[in-house]
Amino acid sequence: MPAAATITTTATMTTTITPEKPTPETPLAPPALLRLIAWLSPAFPTGAFAYSHGLEWAIESHDITNETTLADWLHDLLTYGTARTDTILLRHAHKSASNPAALKQIATLASATAAAKERQAESIDQGKAFMLAAAPWGIPPAPDSIPYPVAVGAVAGAHRIPENPTATAYLQAFTTNLISAAVRLVPLGQTAGLRTLAALEPTILQTAEETTNATLDDLGGCTFRSDLAAMRHETQYTRLFRS
């Protein structure tokens, strides 16, 4: 247990602060950190900025009208929806990075988990773009049709970037991209978007932790409104985003 820290005030009063027990972390070497930052940056050319993951319909239907309703929507996606499912798939792709046959099976399963045609295209198109953009670093053998979380997990696993930081960074990137879409669509101010991201940090960390030992049998979700948003966006009259 860490030793308690002691702070002495100018009035000679003594306050004792006992720090929380540190959580064990997987060491992340500088090259691995640089690659995660590059690969999951908004500037990495996966085309993520063109997708709203159904938010465009949810905003038009007034399910999302402000930062509170946005935070609630994203919390559910992270806890019960596609973000959780994607993270489980990412973790299994990470473990199977050196096994092309297993990776193909995971990619096929990931494609099948999509609730709508647009959502499937969103994931596969970004996965293909990610593999193409990551090629300068070297990529493992993978199927041509590879969903985005499977692509990220496979490439990170091939480079021996620890699984837990990869999963956490993926969830952060997922959340950031959707907040960016909402900032443009609602619209919200940049500060409101940042407040939403800060408020969702505990949820991101919780989902990353809870998927650590998840099996493929744990795949599934219950964000039905989000799934309906993906389906209805396909026929939405006015659209700025591809999903």
# chains A, B, ... in the order shown; residues from 1 in each chain; ligands from 1
>>> select_by_dssp(residues="segment 98-184 of chain A", states="alpha helix (DSSP H)", output="short mmCIF file (atom, residue, chain, number, x, y, z; two decimals) with N, CA and C atoms, in the first residue's frame")
data_model
loop_
_atom_site.label_atom_id
_atom_site.label_comp_id
_atom_site.auth_asym_id
_atom_site.auth_seq_id
_atom_site.Cartn_x
_atom_site.Cartn_y
_atom_site.Cartn_z
N PRO A 100 -4.26 -16.11 -39.61
CA PRO A 100 -5.15 -15.59 -40.66
C PRO A 100 -6.51 -16.26 -40.70
N ALA A 101 -6.57 -17.56 -40.44
CA ALA A 101 -7.84 -18.28 -40.49
C ALA A 101 -8.77 -17.79 -39.38
N ALA A 102 -8.23 -17.66 -38.17
CA ALA A 102 -9.04 -17.18 -37.05
C ALA A 102 -9.46 -15.73 -37.28
N LEU A 103 -8.56 -14.94 -37.84
CA LEU A 103 -8.87 -13.53 -38.10
C LEU A 103 -10.01 -13.41 -39.12
N LYS A 104 -10.01 -14.28 -40.11
CA LYS A 104 -11.09 -14.26 -41.10
C LYS A 104 -12.42 -14.60 -40.45
N GLN A 105 -12.42 -15.56 -39.55
CA GLN A 105 -13.66 -15.93 -38.86
C GLN A 105 -14.17 -14.77 -38.01
N ILE A 106 -13.26 -14.07 -37.33
CA ILE A 106 -13.67 -12.93 -36.50
C ILE A 106 -14.21 -11.81 -37.38
N ALA A 107 -13.57 -11.59 -38.52
CA ALA A 107 -14.03 -10.54 -39.44
C ALA A 107 -15.43 -10.86 -39.96
N THR A 108 -15.68 -12.13 -40.28
CA THR A 108 -17.00 -12.54 -40.76
C THR A 108 -18.05 -12.34 -39.68
N LEU A 109 -17.70 -12.72 -38.46
CA LEU A 109 -18.62 -12.55 -37.34
C LEU A 109 -18.88 -11.07 -37.08
N ALA A 110 -17.84 -10.26 -37.15
CA ALA A 110 -18.00 -8.82 -36.92
C ALA A 110 -18.92 -8.20 -37.96
N SER A 111 -18.78 -8.62 -39.19
CA SER A 111 -19.65 -8.12 -40.25
C SER A 111 -21.10 -8.50 -39.99
N ALA A 112 -21.30 -9.70 -39.46
CA ALA A 112 -22.66 -10.20 -39.20
C ALA A 112 -23.32 -9.50 -38.02
N LYS A 117 -27.54 -2.25 -43.05
CA LYS A 117 -26.62 -2.23 -44.19
C LYS A 117 -25.63 -1.07 -44.09
N GLU A 118 -26.13 0.11 -43.70
CA GLU A 118 -25.24 1.28 -43.58
C GLU A 118 -24.18 1.07 -42.51
N ARG A 119 -24.58 0.48 -41.40
CA ARG A 119 -23.63 0.28 -40.31
C ARG A 119 -22.56 -0.74 -40.71
N GLN A 120 -22.94 -1.75 -41.45
CA GLN A 120 -21.97 -2.73 -41.95
C GLN A 120 -20.99 -2.05 -42.90
N ALA A 121 -21.51 -1.23 -43.81
CA ALA A 121 -20.64 -0.52 -44.75
C ALA A 121 -19.70 0.44 -44.02
N GLU A 122 -20.24 1.12 -43.00
CA GLU A 122 -19.42 2.04 -42.19
C GLU A 122 -18.20 1.34 -41.61
N SER A 123 -18.42 0.16 -41.05
CA SER A 123 -17.34 -0.57 -40.40
C SER A 123 -16.36 -1.15 -41.42
N ILE A 124 -16.88 -1.76 -42.47
CA ILE A 124 -16.00 -2.41 -43.45
C ILE A 124 -15.21 -1.37 -44.25
N ASP A 125 -15.86 -0.29 -44.65
CA ASP A 125 -15.14 0.74 -45.41
C ASP A 125 -14.02 1.36 -44.59
N GLN A 126 -14.30 1.62 -43.32
CA GLN A 126 -13.24 2.17 -42.46
C GLN A 126 -12.15 1.14 -42.20
N GLY A 127 -12.54 -0.14 -42.09
CA GLY A 127 -11.53 -1.18 -41.89
C GLY A 127 -10.58 -1.28 -43.06
N LYS A 128 -11.12 -1.25 -44.28
CA LYS A 128 -10.28 -1.28 -45.47
C LYS A 128 -9.36 -0.07 -45.53
N ALA A 129 -9.93 1.11 -45.24
CA ALA A 129 -9.13 2.33 -45.26
C ALA A 129 -8.04 2.29 -44.20
N PHE A 130 -8.35 1.74 -43.03
CA PHE A 130 -7.36 1.66 -41.96
C PHE A 130 -6.19 0.76 -42.38
N MET A 131 -6.50 -0.40 -42.96
CA MET A 131 -5.43 -1.31 -43.38
C MET A 131 -4.54 -0.67 -44.44
N LEU A 132 -5.15 0.06 -45.36
CA LEU A 132 -4.38 0.73 -46.40
C LEU A 132 -3.49 1.82 -45.80
N ALA A 133 -4.04 2.59 -44.88
CA ALA A 133 -3.27 3.68 -44.28
C ALA A 133 -2.18 3.17 -43.34
N ALA A 134 -2.41 2.02 -42.71
CA ALA A 134 -1.42 1.47 -41.76
C ALA A 134 -0.33 0.68 -42.45
N TYR A 148 -13.75 -2.43 -39.13
CA TYR A 148 -12.79 -1.52 -38.52
C TYR A 148 -12.21 -2.01 -37.20
N PRO A 149 -13.02 -2.43 -36.21
CA PRO A 149 -12.41 -2.86 -34.94
C PRO A 149 -11.51 -4.08 -35.10
N VAL A 150 -11.84 -4.95 -36.04
CA VAL A 150 -11.01 -6.13 -36.30
C VAL A 150 -9.68 -5.70 -36.91
N ALA A 151 -9.73 -4.73 -37.80
CA ALA A 151 -8.50 -4.21 -38.42
C ALA A 151 -7.59 -3.58 -37.37
N VAL A 152 -8.16 -2.76 -36.50
CA VAL A 152 -7.36 -2.11 -35.47
C VAL A 152 -6.75 -3.14 -34.53
N GLY A 153 -7.55 -4.10 -34.09
CA GLY A 153 -7.04 -5.13 -33.19
C GLY A 153 -5.95 -5.96 -33.83
N ALA A 154 -6.13 -6.34 -35.09
CA ALA A 154 -5.15 -7.18 -35.77
C ALA A 154 -3.82 -6.46 -35.96
N VAL A 155 -3.87 -5.22 -36.39
CA VAL A 155 -2.63 -4.47 -36.62
C VAL A 155 -1.91 -4.20 -35.29
N ALA A 156 -2.66 -3.82 -34.27
CA ALA A 156 -2.03 -3.59 -32.96
C ALA A 156 -1.43 -4.88 -32.41
N GLY A 157 -2.14 -6.00 -32.57
CA GLY A 157 -1.61 -7.27 -32.12
C GLY A 157 -0.35 -7.67 -32.86
N ALA A 158 -0.33 -7.43 -34.16
CA ALA A 158 0.85 -7.77 -34.97
C ALA A 158 2.06 -6.96 -34.54
N GLU A 163 -2.92 -5.03 -25.51
CA GLU A 163 -4.35 -5.09 -25.83
C GLU A 163 -5.18 -4.05 -25.09
N ASN A 164 -4.93 -3.87 -23.79
CA ASN A 164 -5.76 -2.97 -23.00
C ASN A 164 -5.65 -1.51 -23.44
N PRO A 165 -4.45 -0.97 -23.64
CA PRO A 165 -4.36 0.40 -24.16
C PRO A 165 -4.99 0.55 -25.54
N THR A 166 -4.87 -0.50 -26.36
CA THR A 166 -5.48 -0.43 -27.69
C THR A 166 -6.99 -0.33 -27.59
N ALA A 167 -7.58 -1.16 -26.73
CA ALA A 167 -9.03 -1.14 -26.55
C ALA A 167 -9.50 0.21 -26.00
N THR A 168 -8.78 0.75 -25.03
CA THR A 168 -9.16 2.03 -24.44
C THR A 168 -9.05 3.15 -25.47
N ALA A 169 -7.97 3.15 -26.23
CA ALA A 169 -7.77 4.19 -27.25
C ALA A 169 -8.84 4.09 -28.33
N TYR A 170 -9.23 2.87 -28.69
CA TYR A 170 -10.28 2.69 -29.69
C TYR A 170 -11.60 3.29 -29.20
N LEU A 171 -11.96 3.01 -27.96
CA LEU A 171 -13.20 3.54 -27.41
C LEU A 171 -13.18 5.07 -27.34
N GLN A 172 -12.02 5.61 -26.99
CA GLN A 172 -11.88 7.07 -26.95
C GLN A 172 -12.08 7.66 -28.35
N ALA A 173 -11.47 7.03 -29.37
CA ALA A 173 -11.60 7.52 -30.74
C ALA A 173 -13.04 7.42 -31.23
N PHE A 174 -13.69 6.31 -30.90
CA PHE A 174 -15.10 6.11 -31.26
C PHE A 174 -15.96 7.23 -30.69
N THR A 175 -15.78 7.50 -29.41
CA THR A 175 -16.56 8.52 -28.74
C THR A 175 -16.28 9.91 -29.28
N THR A 176 -15.02 10.20 -29.49
CA THR A 176 -14.62 11.52 -29.99
C THR A 176 -15.22 11.79 -31.37
N ASN A 177 -15.22 10.77 -32.22
CA ASN A 177 -15.74 10.96 -33.57
C ASN A 177 -17.24 11.28 -33.55
N LEU A 178 -17.99 10.58 -32.70
CA LEU A 178 -19.43 10.83 -32.64
C LEU A 178 -19.74 12.18 -32.00
N ILE A 179 -18.95 12.58 -31.03
CA ILE A 179 -19.14 13.91 -30.44
C ILE A 179 -18.87 14.97 -31.50
N SER A 180 -17.85 14.77 -32.31
CA SER A 180 -17.54 15.72 -33.39
C SER A 180 -18.71 15.84 -34.36
N ALA A 181 -19.34 14.71 -34.68
CA ALA A 181 -20.51 14.74 -35.57
C ALA A 181 -21.65 15.51 -34.92
N ALA A 182 -21.88 15.27 -33.64
CA ALA A 182 -22.97 15.95 -32.94
C ALA A 182 -22.72 17.45 -32.81
N VAL A 183 -21.47 17.84 -32.60
CA VAL A 183 -21.13 19.26 -32.52
C VAL A 183 -21.56 19.98 -33.80
N ARG A 184 -21.41 19.30 -34.93
CA ARG A 184 -21.79 19.90 -36.21
C ARG A 184 -23.30 19.82 -36.46
#
>>> residues_around(residues="segment 67-77 of chain A", least_positions_apart="2", cutoff="8 Å", atoms="only C-alpha atoms", output="list in words")
Asp63, Ile64, Thr65, Thr79, Tyr80, Gly81, Thr82, Ala83, Arg84, Thr175, Ile179, Ala182, Leu188, Ala192, Gly193, Thr196, Ala199, Leu200, Thr203, Thr223 and Ser226 of chain A
>>> write_last_selection(atoms="C-alpha atoms", output="PDB file, in the first residue's frame")
ATOM      1  CA  ASP A  63     -33.747  12.106 -29.591  1.00  0.00           C
ATOM      2  CA  ILE A  64     -30.555  14.159 -29.207  1.00  0.00           C
ATOM      3  CA  THR A  65     -31.029  17.887 -28.648  1.00  0.00           C
ATOM      4  CA  THR A  79     -22.181   0.249 -22.226  1.00  0.00           C
ATOM      5  CA  TYR A  80     -24.741  -1.793 -24.145  1.00  0.00           C
ATOM      6  CA  GLY A  81     -24.196  -1.151 -27.859  1.00  0.00           C
ATOM      7  CA  THR A  82     -21.816  -1.271 -30.773  1.00  0.00           C
ATOM      8  CA  ALA A  83     -18.874   0.254 -28.907  1.00  0.00           C
ATOM      9  CA  ARG A  84     -18.911  -2.626 -26.432  1.00  0.00           C
ATOM     10  CA  THR A 175     -16.564   8.517 -28.736  1.00  0.00           C
ATOM     11  CA  ILE A 179     -19.139  13.907 -30.444  1.00  0.00           C
ATOM     12  CA  ALA A 182     -22.971  15.951 -32.940  1.00  0.00           C
ATOM     13  CA  LEU A 188     -23.279  22.103 -30.022  1.00  0.00           C
ATOM     14  CA  ALA A 192     -20.116  21.403 -24.755  1.00  0.00           C
ATOM     15  CA  GLY A 193     -18.539  18.661 -26.831  1.00  0.00           C
ATOM     16  CA  THR A 196     -19.397  15.494 -22.910  1.00  0.00           C
ATOM     17  CA  ALA A 199     -18.038  13.191 -18.584  1.00  0.00           C
ATOM     18  CA  LEU A 200     -17.814   9.920 -20.530  1.00  0.00           C
ATOM     19  CA  THR A 203     -17.777   4.940 -18.995  1.00  0.00           C
ATOM     20  CA  THR A 223     -29.481  -0.264 -28.011  1.00  0.00           C
ATOM     21  CA  SER A 226     -29.566   3.305 -32.180  1.00  0.00           C
TER      22      SER A 226
END
>>> closest_residue(among="A:Trp57, A:Cys222, A:His159, A:Ala116", to="Trp137 of chain A", atoms="only C-alpha atoms")
A:His159
>>> select_by_dssp(residues="segment 1-230 of chain A", states="strand (DSSP E or B)", output="VMD selection string")
chain A and resid 5 to 8 14 to 17
>>> closest_residue(among="A:Ala135, A:Ile204, A:Ala38, A:Leu228", to="Ala115 of chain A", atoms="only C-alpha atoms")
A:Leu228
>>> closest_residue(among="A:Asn99, A:Ser41, A:Ser61, A:Thr85", to="Leu216 of chain A", atoms="only C-alpha atoms")
A:Thr85
>>> atom_distance(atom1="atom CA of Thr212 of chain A", atom2="atom CA of Pro31 of chain A")
23.1 Å
>>> atom_distance(atom1="atom CA of His53 of chain A", atom2="atom CA of Ala230 of chain A")
6.6 Å
>>> atom_distance(atom1="atom CA of Gln206 of chain A", atom2="atom CA of Leu219 of chain A")
16.6 Å
